[in-house]
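First up is the structure itself, then whatever we jot down about it.
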Amino acid sequence: MIEAIAFYFIAACILGFAVLVVSTKDTVHSVLFLVLDFLFVSALYVMLGAQFLAAIQVLVYAGGIVVLYLFVVMLVNLKRPAEAHQDPHRRSKLGFGLAGAVLAEFGVIVAYGYARPSQAIAATASIPVAGNTEQVGWLLYTSYLIPFEIASMLLLVAMIGAIVLAKREL
Amino acid sequence: MIDTFLIPLLKIVVVLNATLVGVTYMVLLERKVIAWAQSRLGPMRVGPYGVLQPVADAIKLMLKEDITPVKADKWVFTAAPIISMVPALIVYAVIPFGPVVTIFGHPVSLFITDINVGLLYIVSVASVGVYGIILAGYASNSKYPLLASLRASAQLISYEVAVTLTLVSVILMAGSLSMVSIVNAQYNANVWFVFVQPLAFGIFFIGSLAETNRAPFDMPEAEQELTGGFHTEYSGMRFALFFLAEYANMIVVSSVATTLFLGGWLRPFPNVAALHFLDIIPSWTWFLIKSFVFLYIFIWVRATLPRYRYDQLMRLGWKVLIPLAIVNLVVTGIIRVLLT
């Protein structure tokens with residue numbers, strides 16, 4: 001009962017702040033609502049028992065990436081409202097298309113989840129280590145080793161790319 | 001009922017109050033120690049030897065007029081001091097002041113909670129604290145606070161990398177993220193991690209000076225260049241919140257250093273039977289003594305060293321501390337793999 005109330009409260013906050021992120025006029029306020037949104041998402045992770053993911057969510061997104069957003073927004077000073085596009089309906093058509101795609105994706109995930117339930121529980125049972133962090137580490141370095149390595153390669157490439165862009169002559 | 005609600009609540013009340021009192025007296029200690037370093041007496045008027053000075057300061061700050069600049073961003077201006085203060089306080093939830101002890105036949109743990117990701121929790125909460133500084137500078141709508149807040153946040157982000165890397169090498173030694181397990185790992189290893197990881201301890205100490213904006217890295221408050229720093233436009237209790245947050249962060253950093261490197265609540269040489277008479281001193285006292293030594297060094301450094309220039313500070317962070325921390329981490333990892 002309490003869990004359900006907490007879940008719906010957190011979910012409502014996430015959605016509400018997400019709407020505020022895109023509807024607020026002031027860009028700095030919009031970034032701040034994004035931080036609040038990330039904090040509530042990490043609260044949701046805590047409720048799901050994924051403490052490691054929650055801490056990483058706060059550390060990387062709320063504490064790291066959004067600080068850089070805030071820097072950019074503060075330094076470029078977006079006080080002037082954005083210029084209106086020639087055809088205001090063009091954007092909204094694109095928006096409806098994207099929203100439809102996301103909705104379809106959610107539908108597929110829900111259908112897939114109903115078709116093959118309780119897989120996650122079976123997966124956790126076979127892990128020989130206890131503790132949330134240990135389990136995440138174990139899974140990353142056994143079942144998901146190749147995706148993990150590909151992701152780290154991607155990050156490395158992005159890092160080298162950033163260095164090359166910033167320092168054209170070394 | 002008692003175990004799930006009453007005792008945790010009591011512990012939270014005790015820790016919060018002890019922290020706030022500790023913070024106010026930390027200010028007095030700093031003024032006194034710096035005065036002694038400069039052959040002065042320091043505050044002497046309020047109470048004997050000035051011991052009631054923090055009370056007088058608190059009353060003064062509460063009674064002062066609370067000014068919001070006309071052109072300030074009012075919501076953000078109000079939120080910024082709160083955003084600075086809250087992370088500095090909620091970190092205490094995972095700091096272990098002692099092991100599980102028996103009080104009146106009832107087992108009570110001398111920490112509020114011990115979560116599986118304790119150290120990660122501290123790092124992530126501390127990383128949110130930087131918003132208070134950035135937003136204070138932005139919301140004041142004034143040149144100097146904005147410059148100071150940009151400096152401060154660039155400094156915090158740079159040194160956070162080096163500090164977090166040293167924490168990772170400690171985690172490798174302990175094999176756990178839980179603060180209590182890290183202390184127990186030092187008990188089982190028969191040695192404080194400061195002797196195994198001296199380089200990590202050095203980097204952590206320098207980095208924590210920079211992260212708490214203390215001298216010689218107190219660039220955000222360089223009076224000659226920036227008047228009062230990012231809180232120039234603040235007055236009264238809101239200014240006091242920034243001030244308290246800075247000192248609360250110092251106590252947090254000292255407690256984390258004590259837990260990770262100095263053996264937390266353990267007495268010196270915890271496995272030497274000849275020193276058992278030291279057990280008369282309760283475990284939390286050892287924790288407080290070690291943290292106090294660390295805090296005293298903070299003040300000592302401030303009284304001794306001149307301030308760094310901004311480019312020197314950034315160079316030290318990125319070109320010296322971070323490479324050293326990475327080398328230390330790699331060497332620690334290799335040794336750990338070879339030993340197991």
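In the structure tokens, the first chain shown is A, the next is B, and so on; residue numbers restart at 1 for each chain, and ligands run from 1 in the order shown.
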TODO: Starting from chain B, keep only residues with some atom at most 7 Å from an atom of chain A, counting only C-alpha atoms, and report them as JSON, numbers by chain.
DONE: {"B": [116, 117, 120, 121, 124, 127, 128]}
Open item on the list: List the spatial neighbours of B:Glu225 as a ChimeraX atom specification - criterion: any atom at most 12 Å away, only C-alpha atoms, same-chain residues fewer than 2 positions off excluded.
Closed with: /B:143-145,147-148,151,218-223,227-229,309-310
Saved selection, atoms kept: C-alpha atoms, as an mmCIF file, in the first residue's frame:
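Resulting contents of part_2.cif:
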data_model
loop_
_atom_site.group_PDB
_atom_site.id
_atom_site.type_symbol
_atom_site.label_atom_id
_atom_site.label_comp_id
_atom_site.auth_asym_id
_atom_site.auth_seq_id
_atom_site.Cartn_x
_atom_site.Cartn_y
_atom_site.Cartn_z
ATOM 1 C CA LYS B 143 29.377 40.392 -11.779
ATOM 2 C CA TYR B 144 31.637 39.285 -8.943
ATOM 3 C CA PRO B 145 29.439 36.529 -7.550
ATOM 4 C CA LEU B 147 32.822 35.112 -11.660
ATOM 5 C CA ALA B 148 33.414 33.539 -8.254
ATOM 6 C CA ARG B 151 35.672 29.633 -10.631
ATOM 7 C CA ASP B 218 40.081 29.463 -1.663
ATOM 8 C CA MET B 219 39.902 31.098 -5.096
ATOM 9 C CA PRO B 220 36.113 31.639 -4.941
ATOM 10 C CA GLU B 221 36.622 33.913 -1.941
ATOM 11 C CA ALA B 222 39.725 35.771 -3.100
ATOM 12 C CA GLU B 223 38.883 39.129 -1.509
ATOM 13 C CA THR B 227 35.133 41.065 -3.026
ATOM 14 C CA GLY B 228 33.283 38.390 -1.033
ATOM 15 C CA GLY B 229 33.004 35.532 -3.521
ATOM 16 C CA ARG B 309 46.855 31.605 -8.561
ATOM 17 C CA TYR B 310 43.909 30.283 -10.574
#
Quick one: residues within 7 Å of stretch 4-19 of chain A, only C-alpha atoms counted, chain neighbours fewer than 4 positions away excluded, as a PDB file with N, CA and C atoms, in the first residue's frame?
ATOM      1  N   SER A  23       8.385  23.188 -20.696  1.00  0.00           N
ATOM      2  CA  SER A  23       7.441  24.298 -20.818  1.00  0.00           C
ATOM      3  C   SER A  23       7.938  25.593 -20.189  1.00  0.00           C
ATOM      4  N   PHE A  33      14.854  22.073 -13.263  1.00  0.00           N
ATOM      5  CA  PHE A  33      13.787  21.070 -13.198  1.00  0.00           C
ATOM      6  C   PHE A  33      14.299  19.717 -13.684  1.00  0.00           C
ATOM      7  N   LEU A  34      15.223  19.740 -14.638  1.00  0.00           N
ATOM      8  CA  LEU A  34      15.820  18.488 -15.116  1.00  0.00           C
ATOM      9  C   LEU A  34      16.569  17.795 -13.973  1.00  0.00           C
ATOM     10  N   ASP A  37      14.105  16.216 -11.741  1.00  0.00           N
ATOM     11  CA  ASP A  37      13.588  15.042 -12.431  1.00  0.00           C
ATOM     12  C   ASP A  37      14.532  13.852 -12.225  1.00  0.00           C
ATOM     13  N   PHE A  40      14.340  12.429  -8.734  1.00  0.00           N
ATOM     14  CA  PHE A  40      13.181  11.574  -8.485  1.00  0.00           C
ATOM     15  C   PHE A  40      13.325  10.232  -9.205  1.00  0.00           C
ATOM     16  N   VAL A  41      13.956  10.238 -10.389  1.00  0.00           N
ATOM     17  CA  VAL A  41      14.201   8.963 -11.073  1.00  0.00           C
ATOM     18  C   VAL A  41      15.084   8.074 -10.194  1.00  0.00           C
ATOM     19  N   LEU A  44      13.150   6.444  -7.602  1.00  0.00           N
ATOM     20  CA  LEU A  44      12.438   5.282  -8.151  1.00  0.00           C
ATOM     21  C   LEU A  44      13.353   4.057  -8.170  1.00  0.00           C
TER      22      LEU A  44
END
Open item on the list: I need the residue nearest B:Tyr92 from this list: B:Ser153, B:Asn17, B:Thr332, B:Ser235. Use only C-alpha atoms for the distance.
Closed with: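 Comparing B:Ser153, B:Asn17, B:Thr332, B:Ser235 against B:Tyr92, the winner is B:Asn17.
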Surrounding residues of B:Phe205 excluding itself and chain neighbours under 3 positions, 12 Å, only C-alpha atoms, as a compact mmCIF listing (two decimals) with C-alpha atoms, in the first residue's frame:
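Wrote result_25.txt, looks like this:
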# COMPACT_ATOMS: atom_id res chain seq x y z
CA TYR B 159 39.28 18.18 -8.14
CA GLU B 160 36.32 15.85 -7.81
CA ALA B 162 41.19 13.26 -8.60
CA VAL B 163 39.48 12.69 -5.25
CA THR B 164 37.08 10.10 -6.66
CA THR B 166 41.76 7.97 -4.91
CA LEU B 167 38.53 6.69 -3.36
CA VAL B 194 47.04 5.55 5.05
CA PRO B 198 50.10 7.12 1.20
CA LEU B 199 49.90 8.64 -2.28
CA ALA B 200 46.11 8.29 -2.34
CA PHE B 201 45.92 9.92 1.09
CA GLY B 202 48.06 12.85 -0.08
CA SER B 208 39.62 17.87 -0.23
CA LEU B 209 41.19 21.25 0.55
CA ALA B 210 40.19 22.33 -2.96
CA GLU B 211 36.74 20.76 -2.77
CA THR B 212 35.85 22.55 0.44
CA ARG B 214 39.75 26.15 1.73
CA MET B 250 35.01 20.30 6.18
CA VAL B 253 35.69 15.47 4.51
CA SER B 254 37.56 14.88 7.78
CA VAL B 256 35.51 10.45 5.35
CA ALA B 257 39.31 10.71 5.53
CA THR B 258 39.24 9.21 9.03
CA LEU B 260 38.90 5.53 4.71
CA PHE B 261 42.50 6.14 5.67
CA PHE B 294 42.37 16.44 10.38
CA LEU B 295 40.29 19.59 10.96
CA ILE B 297 45.47 20.56 9.89
CA PHE B 298 42.91 22.32 7.67
CA VAL B 301 47.31 25.02 6.39
CA LEU B 321 46.95 15.13 -9.18
Task: stretch 180-192 of chain B surroundings by only C-alpha atoms, 10 Å radius, close-in-sequence under 6 positions cut, as an MDAnalysis selection string - done: chainID B and resid 94:99 111 113:116 118:119 170:171 173:174 258:272
Task: Sel. of alpha helix (DSSP H) residues, chain A, as a ChimeraX atom specification - done: /A:2-23,27-47,51-56,66-76,88-115,119-125,132-141,145-166
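Here atom CA of B:Trp36 and atom CA of B:Thr285 stand 26.1 Å from one another.
For stretch 43-45 of chain B, the non-local neighbours within 12 Å, defined as residues at least 2 positions apart in the same chain or in other chains and counting only C-alpha atoms, are Val27, Leu28, Leu29, Glu30, Arg31, Lys32, Val33, Ile34, Ala35, Trp36, Arg40, Leu41, Gly47, Pro48, Tyr49, Gly50, Val51, Leu52, Gln53, Pro54, Ala56 and Asp57 of chain B.
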Task: DSSP strand (DSSP E) residues within stretch 97-216 of chain B, as a ChimeraX atom specification - done: /B:100-103,106-109
